[in-house]
>>> print(open('start.txt').read())   # compact mmCIF, C-alpha atoms and all ligand atoms
# COMPACT_ATOMS: atom_id res chain seq x y z
CA MET Q 1 148.69 155.68 99.02
CA LYS Q 2 145.48 155.75 97.00
CA ASN Q 3 142.92 158.41 97.91
CA ILE Q 4 139.30 157.43 97.44
CA ALA Q 5 135.98 159.25 97.52
CA ILE Q 6 132.99 157.03 98.37
CA LEU Q 7 129.61 158.29 97.20
CA GLY Q 8 127.04 156.29 99.16
CA SER Q 9 129.39 155.28 101.99
CA THR Q 10 126.48 154.34 104.30
CA GLY Q 11 125.00 151.77 101.90
CA SER Q 12 125.66 148.09 101.28
CA ILE Q 13 128.44 148.70 98.73
CA GLY Q 14 129.73 151.74 100.65
CA THR Q 15 130.17 149.89 103.95
CA GLN Q 16 131.82 146.94 102.20
CA THR Q 17 134.20 149.37 100.52
CA LEU Q 18 135.11 150.66 103.98
CA GLU Q 19 135.84 147.08 105.10
CA ILE Q 20 138.40 146.92 102.31
CA VAL Q 21 139.86 150.25 103.40
CA ARG Q 22 140.23 148.87 106.95
CA ALA Q 23 142.13 145.87 105.62
CA ASN Q 24 144.46 147.84 103.30
CA LYS Q 25 146.59 150.50 104.93
CA ASP Q 26 147.46 152.11 101.58
CA LEU Q 27 143.87 153.24 100.99
CA ASN Q 28 142.78 156.61 102.37
CA VAL Q 29 139.22 157.96 102.35
CA VAL Q 30 139.05 161.65 101.40
CA ALA Q 31 135.30 162.06 100.82
CA MET Q 32 132.10 160.27 101.81
CA THR Q 33 128.39 160.88 101.22
CA ALA Q 34 125.01 159.68 102.49
CA GLY Q 35 121.39 160.26 101.56
CA SER Q 36 120.13 160.85 105.10
CA ASN Q 37 121.75 158.37 107.52
CA ILE Q 38 123.87 160.89 109.44
CA GLU Q 39 124.18 158.60 112.49
CA LEU Q 40 126.26 156.13 110.51
CA LEU Q 41 127.98 158.85 108.51
CA GLU Q 42 129.15 160.54 111.71
CA LYS Q 43 130.69 157.27 112.91
CA GLN Q 44 132.38 156.85 109.56
CA ILE Q 45 133.76 160.39 109.67
CA ARG Q 46 135.22 159.77 113.13
CA GLU Q 47 136.84 156.54 111.98
CA PHE Q 48 138.10 157.57 108.51
CA ASN Q 49 138.76 161.32 108.79
CA PRO Q 50 137.67 162.48 105.32
CA GLU Q 51 138.23 166.06 104.13
CA VAL Q 52 134.71 166.45 102.75
CA VAL Q 53 131.35 164.79 103.34
CA ALA Q 54 127.99 165.44 101.71
CA VAL Q 55 124.43 164.62 102.72
CA TRP Q 56 121.62 164.71 100.17
CA ASP Q 57 118.98 165.69 102.77
CA GLU Q 58 119.73 169.34 103.46
CA GLU Q 59 118.29 169.45 107.00
CA LYS Q 60 120.27 166.37 107.96
CA ALA Q 61 123.37 168.01 106.52
CA GLU Q 62 122.87 170.98 108.86
CA LEU Q 63 122.42 168.66 111.83
CA LEU Q 64 125.55 166.74 110.93
CA SER Q 65 127.67 169.85 110.63
CA GLN Q 66 126.67 170.74 114.22
CA ARG Q 67 127.62 167.29 115.42
CA VAL Q 68 131.08 167.24 113.85
CA LYS Q 69 132.05 170.80 114.79
CA ASP Q 70 135.01 169.42 116.73
CA LEU Q 71 136.49 167.95 113.53
CA ASP Q 72 138.25 169.42 110.52
CA VAL Q 73 135.74 168.25 107.91
CA GLU Q 74 133.70 170.20 105.38
CA VAL Q 75 130.01 169.23 105.37
CA CYS Q 76 128.15 169.89 102.10
CA LYS Q 77 124.57 169.23 101.07
CA GLY Q 78 122.32 168.32 98.20
CA MET Q 79 123.40 167.74 94.61
CA GLU Q 80 126.06 170.41 94.84
CA GLY Q 81 127.48 168.57 97.86
CA LEU Q 82 127.56 165.24 96.00
CA ILE Q 83 129.43 166.93 93.16
CA THR Q 84 131.90 168.53 95.58
CA ALA Q 85 132.58 165.10 97.09
CA ALA Q 86 132.92 163.54 93.63
CA THR Q 87 135.48 166.08 92.49
CA VAL Q 88 137.59 166.66 95.61
CA ASP Q 89 141.13 167.47 94.45
CA SER Q 90 142.93 164.82 96.43
CA ALA Q 91 140.83 161.84 95.21
CA ASP Q 92 142.40 159.42 92.73
CA ILE Q 93 139.30 157.27 92.37
CA VAL Q 94 135.59 157.71 93.09
CA VAL Q 95 133.55 154.72 94.25
CA LEU Q 96 130.10 155.47 92.88
CA ALA Q 97 127.81 153.56 95.22
CA VAL Q 98 124.74 155.76 95.53
CA VAL Q 99 121.51 154.13 94.46
CA GLY Q 100 119.59 155.48 91.49
CA MET Q 101 120.10 157.97 88.70
CA VAL Q 102 120.87 160.69 91.25
CA GLY Q 103 124.43 159.49 90.50
CA VAL Q 104 124.43 160.79 86.92
CA ARG Q 105 125.62 164.35 87.56
CA PRO Q 106 128.27 163.44 90.18
CA ALA Q 107 129.58 160.72 87.82
CA ILE Q 108 129.98 163.13 84.92
CA ALA Q 109 131.56 165.74 87.20
CA ALA Q 110 134.06 163.19 88.57
CA ILE Q 111 135.05 162.09 85.07
CA ASN Q 112 135.49 165.71 83.98
CA ALA Q 113 137.75 166.14 87.03
CA HIS Q 114 139.88 163.21 85.73
CA LYS Q 115 138.91 160.77 88.50
CA ASP Q 116 138.83 157.04 87.77
CA ILE Q 117 135.45 155.55 88.66
CA ALA Q 118 134.72 152.30 90.49
CA LEU Q 119 131.15 151.98 89.33
CA ALA Q 120 128.44 150.17 91.29
CA ASN Q 121 125.69 152.65 90.43
CA LYS Q 122 124.32 150.95 87.30
CA GLU Q 123 121.35 153.34 86.92
CA THR Q 124 123.85 156.00 85.87
CA LEU Q 125 125.15 153.99 82.91
CA VAL Q 126 121.66 152.84 81.96
CA THR Q 127 120.45 156.41 81.57
CA ALA Q 128 123.59 158.29 80.52
CA GLY Q 129 125.96 155.59 79.26
CA HIS Q 130 126.56 157.35 75.94
CA ILE Q 131 127.69 160.52 77.73
CA ILE Q 132 129.69 158.78 80.44
CA MET Q 133 131.67 156.41 78.20
CA LYS Q 134 132.43 159.14 75.67
CA THR Q 135 133.56 161.62 78.31
CA ALA Q 136 135.65 158.96 80.05
CA ALA Q 137 137.42 158.14 76.78
CA GLU Q 138 138.09 161.83 76.12
CA LYS Q 139 139.48 162.38 79.62
CA ASN Q 140 141.39 159.10 79.64
CA VAL Q 141 139.52 157.99 82.75
CA LYS Q 142 138.95 154.33 83.67
CA ILE Q 143 135.43 153.08 84.40
CA LEU Q 144 136.03 150.00 86.55
CA PRO Q 145 132.98 147.79 87.08
CA VAL Q 146 131.91 146.84 90.61
CA ASP Q 147 128.67 145.06 89.74
CA SER Q 148 129.63 141.40 90.20
CA GLU Q 149 128.60 140.25 86.70
CA HIS Q 150 130.47 143.08 85.01
CA SER Q 151 133.51 142.58 87.18
CA ALA Q 152 133.42 138.91 86.19
CA ILE Q 153 133.32 139.83 82.50
CA PHE Q 154 136.05 142.43 83.02
CA GLN Q 155 138.23 139.74 84.64
CA CYS Q 156 137.48 137.27 81.80
CA LEU Q 157 138.49 139.90 79.22
CA ASN Q 158 141.98 140.45 80.64
CA GLY Q 159 144.37 140.37 77.68
CA GLU Q 160 141.65 139.54 75.12
CA LYS Q 161 140.78 141.41 71.92
CA HIS Q 162 137.38 143.07 71.58
CA GLU Q 163 136.84 141.82 68.02
CA GLN Q 164 137.29 138.23 69.20
CA ILE Q 165 134.36 138.33 71.63
CA SER Q 166 131.19 136.59 70.38
CA ASN Q 167 128.86 136.98 73.34
CA LEU Q 168 128.75 138.17 76.90
CA ILE Q 169 126.79 135.81 79.12
CA LEU Q 170 125.35 137.42 82.23
CA THR Q 171 124.34 135.01 84.96
CA ALA Q 172 121.27 135.63 87.10
CA SER Q 173 120.16 133.94 90.29
CA GLY Q 174 116.51 134.25 89.27
CA GLY Q 175 115.72 135.89 92.62
CA PRO Q 176 113.26 134.74 95.27
CA PHE Q 177 110.41 134.16 92.81
CA ARG Q 178 112.26 131.98 90.28
CA ASN Q 179 109.90 129.42 88.69
CA MET Q 180 106.83 131.38 89.78
CA THR Q 181 104.12 132.48 87.33
CA ARG Q 182 102.70 136.02 87.31
CA ASP Q 183 99.60 134.66 89.00
CA MET Q 184 101.66 133.24 91.84
CA MET Q 185 103.50 136.59 92.20
CA ARG Q 186 100.31 138.65 92.37
CA ASN Q 187 100.10 138.79 96.16
CA VAL Q 188 103.73 138.55 97.23
CA THR Q 189 104.66 140.97 100.01
CA VAL Q 190 107.53 143.39 100.48
CA GLU Q 191 109.06 140.93 102.97
CA ASP Q 192 108.86 138.06 100.44
CA ALA Q 193 110.51 140.21 97.77
CA LEU Q 194 113.31 141.31 100.11
CA LYS Q 195 114.41 137.70 100.72
CA HIS Q 196 117.15 137.28 98.14
CA PRO Q 197 118.37 133.67 97.98
CA ASN Q 198 122.13 134.42 97.70
CA TRP Q 199 123.09 138.08 98.07
CA SER Q 200 122.62 140.61 100.86
CA MET Q 201 122.19 144.04 99.22
CA GLY Q 202 120.35 147.37 99.51
CA ARG Q 203 116.55 147.33 99.35
CA LYS Q 204 116.12 148.81 95.87
CA ILE Q 205 118.44 146.37 94.09
CA THR Q 206 116.94 143.48 96.06
CA ILE Q 207 113.49 144.33 94.66
CA ASP Q 208 115.05 144.77 91.21
CA SER Q 209 116.41 141.24 91.54
CA ALA Q 210 112.96 139.91 92.46
CA THR Q 211 111.40 141.51 89.34
CA MET Q 212 114.54 140.67 87.30
CA VAL Q 213 114.59 144.31 86.16
CA ASN Q 214 118.07 144.22 87.70
CA LYS Q 215 119.25 141.82 85.00
CA GLY Q 216 117.72 144.07 82.36
CA LEU Q 217 119.57 147.07 83.76
CA GLU Q 218 122.72 144.95 83.73
CA ILE Q 219 122.28 144.14 80.03
CA ILE Q 220 122.32 147.87 79.28
CA GLU Q 221 125.19 148.41 81.71
CA ALA Q 222 127.20 145.71 79.88
CA LYS Q 223 126.41 147.25 76.50
CA TRP Q 224 128.09 150.48 77.58
CA LEU Q 225 130.95 149.06 79.62
CA PHE Q 226 132.05 146.56 76.99
CA ASP Q 227 130.80 148.23 73.79
CA MET Q 228 128.61 145.29 72.76
CA ASP Q 229 125.32 144.98 70.87
CA ILE Q 230 122.38 144.03 73.05
CA ASP Q 231 121.86 141.00 70.77
CA ASN Q 232 125.26 139.67 71.84
CA ILE Q 233 124.49 139.94 75.53
CA ARG Q 234 122.77 136.79 76.79
CA VAL Q 235 121.30 135.99 80.17
CA VAL Q 236 121.36 132.56 81.78
CA VAL Q 237 119.88 131.72 85.16
CA GLN Q 238 122.42 130.03 87.44
CA PRO Q 239 120.58 129.70 90.75
CA GLN Q 240 123.60 129.00 92.99
CA SER Q 241 125.31 132.31 92.02
CA LEU Q 242 128.72 130.61 91.79
CA ILE Q 243 129.45 131.63 88.21
CA HIS Q 244 129.37 135.43 88.22
CA SER Q 245 129.29 135.73 84.40
CA MET Q 246 131.02 134.48 81.25
CA VAL Q 247 132.45 135.52 77.90
CA GLU Q 248 132.20 133.43 74.75
CA PHE Q 249 134.90 134.02 72.13
CA VAL Q 250 134.88 133.47 68.35
CA ASP Q 251 136.55 130.07 68.69
CA GLY Q 252 133.77 128.83 70.99
CA GLY Q 253 135.94 129.04 74.09
CA ILE Q 254 134.12 130.34 77.15
CA MET Q 255 135.79 132.06 80.08
CA ALA Q 256 133.91 132.19 83.38
CA GLN Q 257 134.69 133.81 86.70
CA LEU Q 258 133.59 131.98 89.82
CA GLY Q 259 133.59 132.80 93.51
CA THR Q 260 131.45 132.87 96.61
CA PRO Q 261 128.79 135.62 96.56
CA ASP Q 262 130.89 138.36 98.20
CA MET Q 263 130.83 141.90 96.78
CA ARG Q 264 134.14 142.73 98.44
CA LEU Q 265 135.96 140.87 95.65
CA PRO Q 266 134.66 143.02 92.77
CA ILE Q 267 135.01 146.19 94.88
CA GLN Q 268 138.61 145.35 95.76
CA TYR Q 269 139.42 144.32 92.19
CA ALA Q 270 138.21 147.71 90.93
CA LEU Q 271 140.22 149.57 93.57
CA PHE Q 272 143.51 147.80 92.88
CA TYR Q 273 143.12 146.87 89.20
CA PRO Q 274 145.15 145.34 87.61
CA ASP Q 275 146.50 143.91 90.88
CA ARG Q 276 144.89 141.31 93.07
CA ARG Q 277 145.17 141.38 96.83
CA ASN Q 278 144.53 138.86 99.52
CA LEU Q 279 140.90 138.88 100.67
CA SER Q 280 139.77 137.12 103.82
CA GLY Q 281 136.56 135.12 103.61
CA GLU Q 282 135.05 131.92 102.40
CA ARG Q 283 136.37 130.14 99.33
CA ILE Q 284 134.48 127.88 96.95
CA ASP Q 285 134.96 124.32 98.17
CA PHE Q 286 134.50 122.01 95.19
CA SER Q 287 134.17 118.99 97.45
CA LYS Q 288 130.90 120.49 98.73
CA ILE Q 289 129.34 121.63 95.44
CA THR Q 290 127.04 118.95 94.14
CA SER Q 291 125.80 120.77 91.06
CA ILE Q 292 125.72 123.98 89.08
CA ASN Q 293 122.44 124.36 87.16
CA PHE Q 294 121.45 126.52 84.24
CA GLU Q 295 118.00 127.68 83.14
CA ILE Q 296 116.71 129.93 80.39
CA PRO Q 297 115.28 133.17 81.86
CA ASP Q 298 111.49 133.40 81.82
CA MET Q 299 110.75 136.67 80.00
CA ASP Q 300 106.96 136.06 80.00
CA ASN Q 301 106.51 135.94 83.75
CA PHE Q 302 109.43 138.31 84.40
CA ARG Q 303 108.27 141.02 82.04
CA GLY Q 304 110.64 143.55 83.58
CA LEU Q 305 113.59 141.75 82.05
CA TYR Q 306 111.90 141.83 78.64
CA LEU Q 307 111.02 145.54 78.94
CA ALA Q 308 114.49 146.56 80.05
CA ARG Q 309 116.02 144.63 77.16
CA GLU Q 310 113.65 146.34 74.70
CA ALA Q 311 114.57 149.73 76.18
CA GLY Q 312 118.24 148.87 75.74
CA LYS Q 313 117.67 147.88 72.10
CA ALA Q 314 115.77 151.08 71.33
CA GLY Q 315 118.36 153.25 73.09
CA GLY Q 316 117.93 157.04 73.18
CA SER Q 317 115.89 158.26 76.13
CA LEU Q 318 113.81 155.07 76.50
CA PRO Q 319 116.24 153.47 79.01
CA THR Q 320 115.85 156.61 81.14
CA VAL Q 321 112.05 156.19 81.10
CA MET Q 322 112.35 152.52 81.98
CA ASN Q 323 114.82 153.25 84.78
CA ALA Q 324 112.98 156.26 86.24
CA ALA Q 325 109.64 154.41 86.15
CA ASN Q 326 111.28 151.48 87.91
CA GLU Q 327 112.90 153.68 90.58
CA LYS Q 328 109.59 155.33 91.40
CA ALA Q 329 107.55 152.13 91.23
CA VAL Q 330 109.99 150.25 93.48
CA ALA Q 331 109.85 153.07 96.04
CA MET Q 332 106.03 152.88 95.92
CA PHE Q 333 106.10 149.10 96.34
CA LEU Q 334 108.47 149.40 99.31
CA ASN Q 335 106.00 151.95 100.76
CA ARG Q 336 103.20 149.42 100.23
CA GLU Q 337 101.33 151.78 97.88
CA ILE Q 338 101.25 149.30 94.97
CA GLY Q 339 101.51 145.55 94.43
CA PHE Q 340 104.52 143.66 93.14
CA LEU Q 341 103.24 143.19 89.58
CA ASP Q 342 102.30 146.88 89.37
CA ILE Q 343 106.03 147.64 89.17
CA THR Q 344 106.39 146.21 85.67
CA ASP Q 345 102.93 147.42 84.63
CA ILE Q 346 103.94 150.98 85.48
CA ILE Q 347 107.23 150.62 83.60
CA GLU Q 348 105.35 149.39 80.53
CA LYS Q 349 102.79 152.24 80.63
CA CYS Q 350 105.56 154.81 80.87
CA MET Q 351 107.55 153.25 78.03
CA ASP Q 352 104.47 152.99 75.79
CA ARG Q 353 103.67 156.70 75.90
CA HIS Q 354 107.23 157.97 75.46
CA GLN Q 355 108.39 159.74 72.29
CA ASN Q 356 111.98 158.53 72.11
CA ILE Q 357 114.74 161.15 71.92
CA ASP Q 358 117.83 160.10 70.03
CA ASN Q 359 121.20 160.80 71.69
CA PRO Q 360 119.67 162.71 74.64
CA SER Q 361 121.68 165.44 76.35
CA LEU Q 362 122.08 165.50 80.14
CA GLU Q 363 119.27 168.08 80.27
CA ASP Q 364 117.02 165.80 78.16
CA ILE Q 365 117.75 162.89 80.49
CA LEU Q 366 116.88 164.84 83.62
CA SER Q 367 113.73 166.27 82.07
CA VAL Q 368 112.59 162.83 80.84
CA GLU Q 369 113.19 161.53 84.38
CA GLN Q 370 110.99 164.28 85.87
CA ASP Q 371 108.33 163.82 83.19
CA THR Q 372 108.18 160.10 83.99
CA TYR Q 373 107.73 160.77 87.72
CA ASP Q 374 104.99 163.34 86.96
CA TYR Q 375 103.17 160.91 84.70
CA ILE Q 376 103.20 158.18 87.37
CA ASP Q 377 101.83 160.71 89.89
CA SER Q 378 99.01 161.51 87.48
CA LEU Q 379 97.98 157.84 87.08
P1 LIG D 1 121.98 151.01 99.51
O1 LIG D 1 120.56 151.40 99.50
O2 LIG D 1 122.45 150.01 100.50
O3 LIG D 1 122.90 152.32 99.66
C1 LIG D 1 122.68 153.43 98.85
C2 LIG D 1 123.59 154.57 99.25
O4 LIG D 1 123.17 155.74 98.54
C3 LIG D 1 123.50 154.94 100.72
O5 LIG D 1 124.72 155.50 101.13
C4 LIG D 1 122.40 156.00 100.73
O6 LIG D 1 122.43 156.86 101.85
C5 LIG D 1 122.74 156.74 99.46
N1 LIG D 1 121.59 157.45 98.91
C6 LIG D 1 120.30 157.02 98.83
N2 LIG D 1 119.53 157.94 98.24
C7 LIG D 1 120.33 158.99 97.95
C8 LIG D 1 120.11 160.25 97.35
N3 LIG D 1 118.92 160.65 96.92
N4 LIG D 1 121.17 161.07 97.21
C9 LIG D 1 122.38 160.70 97.62
N5 LIG D 1 122.67 159.52 98.19
C10 LIG D 1 121.64 158.67 98.35
O7 LIG D 1 122.31 150.53 98.02
P2 LIG D 1 123.41 149.47 97.54
O8 LIG D 1 124.70 149.71 98.21
O9 LIG D 1 122.81 148.12 97.56
O10 LIG D 1 123.51 149.85 95.99
C11 LIG D 1 124.23 150.98 95.53
C12 LIG D 1 124.36 150.88 94.01
O11 LIG D 1 125.18 149.75 93.72
C13 LIG D 1 123.04 150.65 93.29
O12 LIG D 1 123.06 151.32 92.06
C14 LIG D 1 123.01 149.16 93.06
O13 LIG D 1 122.26 148.79 91.93
C15 LIG D 1 124.48 148.85 92.86
N6 LIG D 1 124.87 147.48 93.20
C16 LIG D 1 124.74 147.03 94.49
C17 LIG D 1 125.10 145.73 94.82
C18 LIG D 1 125.03 145.24 96.23
O14 LIG D 1 125.49 144.12 96.52
N7 LIG D 1 124.49 145.97 97.17
C19 LIG D 1 125.59 144.80 93.80
C20 LIG D 1 125.74 145.40 92.50
C21 LIG D 1 125.37 146.68 92.22
P3 LIG D 1 121.55 156.50 103.18
O15 LIG D 1 122.22 155.33 103.80
O16 LIG D 1 121.67 157.74 103.98
O17 LIG D 1 120.18 156.23 102.69
MG MG D 2 124.83 142.42 89.58
>>> encode(input="start.txt", output="structure tokens")
Amino acid sequence: MKNIAILGSTGSIGTQTLEIVRANKDLNVVAMTAGSNIELLEKQIREFNPEVVAVWDEEKAELLSQRVKDLDVEVCKGMEGLITAATVDSADIVVLAVVGMVGVRPAIAAINAHKDIALANKETLVTAGHIIMKTAAEKNVKILPVDSEHSAIFQCLNGEKHEQISNLILTASGGPFRNMTRDMMRNVTVEDALKHPNWSMGRKITIDSATMVNKGLEIIEAKWLFDMDIDNIRVVVQPQSLIHSMVEFVDGGIMAQLGTPDMRLPIQYALFYPDRRNLSGERIDFSKITSINFEIPDMDNFRGLYLAREAGKAGGSLPTVMNAANEKAVAMFLNREIGFLDITDIIEKCMDRHQNIDNPSLEDILSVEQDTYDYIDSL
């Protein structure tokens, strides 16, 4: 039996993780968390019987604890609650599937408590990768990628030697606005941006895919997960999303991982690594694929990708500024307070004014995050 804690169980990755739990009787959920969706969380508690749950919204946490009085479950709240869920004694592995850098402290706490991490929450590595990877190495904890590109690379690297890798090649779908100029993107709506061509995901990452900031975050995520220089992490647009990413080795050989766009595969691979299990669902049918195309990413019109890459190259606290500015700007766009192109403009303004801090501590990271939010409020 493997005991898992799921942080963000009500989200897109969280609910797909629970589908895998339903299909595998040797998985047991011991902790779950939500931001505010206590309706769904209550259903999940009644189905999966966790020991501990946490809700970020403190009022909602109170409401939930009333509603589940008949059950033997501890209901916690806020950041402390997330950390309690991330460190529950019985958990062997923590699926980190909250959205945003709110995951940083729970991630570090889980690693310090010797939990392996199935990591979907890329914002955490983008902002605190140097702390997380170092602590994981010290505690002998595995960080298992869930992001599809990083899972693909992880699968391609099975049995390979780090010094024999030349380049990591991240694939990108290009999102709903592929081949559009900035001018054409000026008046796109929230609804347009939420129409991802291939993947069904949470709202924030779907907007990140439309700006291509997502691919920039993934470059930084790959740098930390696979200990690679940003210059050796390439991006290629592959609009059909069949190739999930590739690795080029010193002899010119390239390994690729392919599959239908289904996040359950990378989630399940992380949960059972190094084993593979049967997974129901569609398979690639090569008799129906007419072509797989490649394009060079357009960093001029998709400035977010360029900015994120620059932040990754600079390192220090700049990735935190880029990420925090993006989180806030995306929330404002989803609230219809700003236009689509304002997202990358805000990121650039925030990055331009920042005095970079080398090797930032956790406190530095959280204070840079707050400072970035305050600056955007002042604009
Ligand atoms: P969703 O928005 O669907 O789910 C996010 C989860 O986090 C929900 O459980 C949500 O609770 C919870 N949450 C939101 N805000 C807070 C908060 N302030 N404190 C605590 N919990 C919070 O996101 P996704 O599942 O799409 O994405 C999760 C992470 O995985 C992201 O980092 C994303 O980049 C990454 N990822 C996602 C992929 C996907 O296919 N969806 C693919 C690759 C990576 P509630 O429901 O109550 O709001
Ligand atoms: Mg991805």
>>> atom_distance(input="start.txt", atom1="atom CA of Asn24 of chain Q", atom2="atom CA of Ile284 of chain Q")
23.2 Å
>>> residues_around(input="start.txt", residues="Leu279 of chain Q", least_positions_apart="4", cutoff="12 Å", atoms="all atoms listed in the file", output="list of chain:residue names")
Q:Glu19, Q:Ile20, Q:Val21, Q:Arg22, Q:Ala23, Q:Asn24, Q:Gly259, Q:Thr260, Q:Asp262, Q:Met263, Q:Arg264, Q:Leu265, Q:Pro266, Q:Ile267, Q:Gln268, Q:Tyr269, Q:Arg283
>>> residues_around(input="start.txt", residues="segment 44-54 of chain Q", least_positions_apart="5", cutoff="10 Å", atoms="all atoms listed in the file", output="JSON, numbers by chain")
{"Q": [3, 4, 5, 6, 7, 8, 9, 10, 15, 18, 21, 22, 28, 29, 30, 31, 32, 33, 34, 35, 36, 38, 39, 60, 61, 64, 65, 68, 71, 72, 73, 74, 75, 76, 77, 78, 79, 80, 81, 82, 83, 84, 85, 86, 88, 90]}
>>> residues_near_ligand(input="start.txt", ligand="ligand LIG 1 (chain D)", cutoff="7 Å", atoms="only C-alpha atoms and all ligand atoms", output="PyMOL selection string")
chain Q and resi 7-14+33-38+55-56+97-100+102+120-123+146-148+199-205+263
>>> write_last_selection(input="start.txt", atoms="C-alpha atoms", output="compact mmCIF listing (two decimals), keeping the file's coordinate frame")
# COMPACT_ATOMS: atom_id res chain seq x y z
CA LEU Q 7 129.61 158.29 97.20
CA GLY Q 8 127.04 156.29 99.16
CA SER Q 9 129.39 155.28 101.99
CA THR Q 10 126.48 154.34 104.30
CA GLY Q 11 125.00 151.77 101.90
CA SER Q 12 125.66 148.09 101.28
CA ILE Q 13 128.44 148.70 98.73
CA GLY Q 14 129.73 151.74 100.65
CA THR Q 33 128.39 160.88 101.22
CA ALA Q 34 125.01 159.68 102.49
CA GLY Q 35 121.39 160.26 101.56
CA SER Q 36 120.13 160.85 105.10
CA ASN Q 37 121.75 158.37 107.52
CA ILE Q 38 123.87 160.89 109.44
CA VAL Q 55 124.43 164.62 102.72
CA TRP Q 56 121.62 164.71 100.17
CA ALA Q 97 127.81 153.56 95.22
CA VAL Q 98 124.74 155.76 95.53
CA VAL Q 99 121.51 154.13 94.46
CA GLY Q 100 119.59 155.48 91.49
CA VAL Q 102 120.87 160.69 91.25
CA ALA Q 120 128.44 150.17 91.29
CA ASN Q 121 125.69 152.65 90.43
CA LYS Q 122 124.32 150.95 87.30
CA GLU Q 123 121.35 153.34 86.92
CA VAL Q 146 131.91 146.84 90.61
CA ASP Q 147 128.67 145.06 89.74
CA SER Q 148 129.63 141.40 90.20
CA TRP Q 199 123.09 138.08 98.07
CA SER Q 200 122.62 140.61 100.86
CA MET Q 201 122.19 144.04 99.22
CA GLY Q 202 120.35 147.37 99.51
CA ARG Q 203 116.55 147.33 99.35
CA LYS Q 204 116.12 148.81 95.87
CA ILE Q 205 118.44 146.37 94.09
CA MET Q 263 130.83 141.90 96.78
>>> residues_near_ligand(input="start.txt", ligand="ligand MG 2 (chain D)", cutoff="8 Å", atoms="only C-alpha atoms and all ligand atoms", output="list in words")
Asp147, Ser148, Glu149, His150, Asn214, Lys215 and Glu218 of chain Q
>>> residues_around(input="start.txt", residues="Val237 of chain Q", least_positions_apart="3", cutoff="10 Å", atoms="all atoms listed in the file", output="PyMOL selection string")
chain Q and resi 170-175+178+240-241+293-298
>>> axis_aligned_box(input="start.txt", around="segment 249-260 of chain Q", padding_each_side="8 Å", output="lines of an AutoDock Vina configuration file")
center_x = 134.0
center_y = 131.4
center_z = 82.5
size_x = 21.1
size_y = 21.2
size_z = 44.3
>>> residues_around(input="start.txt", residues="Pro360 of chain Q", least_positions_apart="4", cutoff="10 Å", atoms="only C-alpha atoms", output="count of residues only")
14
>>> atom_distance(input="start.txt", atom1="atom CA of Asn158 of chain Q", atom2="atom CA of Lys142 of chain Q")
14.5 Å
>>> closest_residue(input="start.txt", among="Q:Asn323, Q:Asn179, Q:Thr206, Q:Thr135", to="Ile347 of chain Q", atoms="all atoms listed in the file")
Q:Asn323
>>> atom_distance(input="start.txt", atom1="atom CA of Ala308 of chain Q", atom2="atom CA of Ala325 of chain Q")
11.1 Å
>>> closest_residue(input="start.txt", among="Q:Ile220, Q:Val95, Q:Leu258, Q:Ile292", to="Val235 of chain Q", atoms="all atoms listed in the file")
Q:Ile220
>>> residues_around(input="start.txt", residues="segment 349-353 of chain Q", least_positions_apart="4", cutoff="8 Å", atoms="all atoms listed in the file", output="MDAnalysis selection string")
chainID Q and resid 318 321:322 325 345 372 375:376
>>> closest_residue(input="start.txt", among="Q:Ile233, Q:Leu305, Q:Leu379, Q:Leu341", to="Met185 of chain Q", atoms="all atoms listed in the file")
Q:Leu341
>>> closest_residue(input="start.txt", among="Q:Ala331, Q:Leu217, Q:Met246, Q:Ala314", to="Gln355 of chain Q", atoms="only C-alpha atoms")
Q:Ala314
>>> closest_residue(input="start.txt", among="Q:Ile108, Q:Leu41, Q:Met1, Q:Val126", to="Trp224 of chain Q", atoms="all atoms listed in the file")
Q:Val126
>>> closest_residue(input="start.txt", among="Q:Asp227, Q:Glu282, Q:Glu369, Q:Asp92", to="Asn167 of chain Q", atoms="all atoms listed in the file")
Q:Asp227
>>> build_atoms(input="start.txt", residues="segment 177-183 of chain Q", atoms="N, CA and C atoms", output="PDB file, in the frame of the given file")
ATOM      1  N   PHE Q 177     111.643 134.643  93.438  1.00  0.00           N
ATOM      2  CA  PHE Q 177     110.410 134.160  92.810  1.00  0.00           C
ATOM      3  C   PHE Q 177     110.681 133.324  91.551  1.00  0.00           C
ATOM      4  N   ARG Q 178     111.906 132.828  91.420  1.00  0.00           N
ATOM      5  CA  ARG Q 178     112.260 131.980  90.280  1.00  0.00           C
ATOM      6  C   ARG Q 178     111.258 130.827  90.189  1.00  0.00           C
ATOM      7  N   ASN Q 179     110.863 130.498  88.949  1.00  0.00           N
ATOM      8  CA  ASN Q 179     109.900 129.420  88.690  1.00  0.00           C
ATOM      9  C   ASN Q 179     108.470 129.749  89.092  1.00  0.00           C
ATOM     10  N   MET Q 180     108.206 131.010  89.489  1.00  0.00           N
ATOM     11  CA  MET Q 180     106.830 131.380  89.780  1.00  0.00           C
ATOM     12  C   MET Q 180     106.189 131.999  88.536  1.00  0.00           C
ATOM     13  N   THR Q 181     104.848 131.823  88.409  1.00  0.00           N
ATOM     14  CA  THR Q 181     104.120 132.480  87.330  1.00  0.00           C
ATOM     15  C   THR Q 181     103.672 133.858  87.827  1.00  0.00           C
ATOM     16  N   ARG Q 182     103.202 134.696  86.897  1.00  0.00           N
ATOM     17  CA  ARG Q 182     102.700 136.020  87.310  1.00  0.00           C
ATOM     18  C   ARG Q 182     101.565 135.879  88.312  1.00  0.00           C
ATOM     19  N   ASP Q 183     100.713 134.885  88.072  1.00  0.00           N
ATOM     20  CA  ASP Q 183      99.600 134.660  89.000  1.00  0.00           C
ATOM     21  C   ASP Q 183     100.087 134.384  90.418  1.00  0.00           C
TER      22      ASP Q 183
END
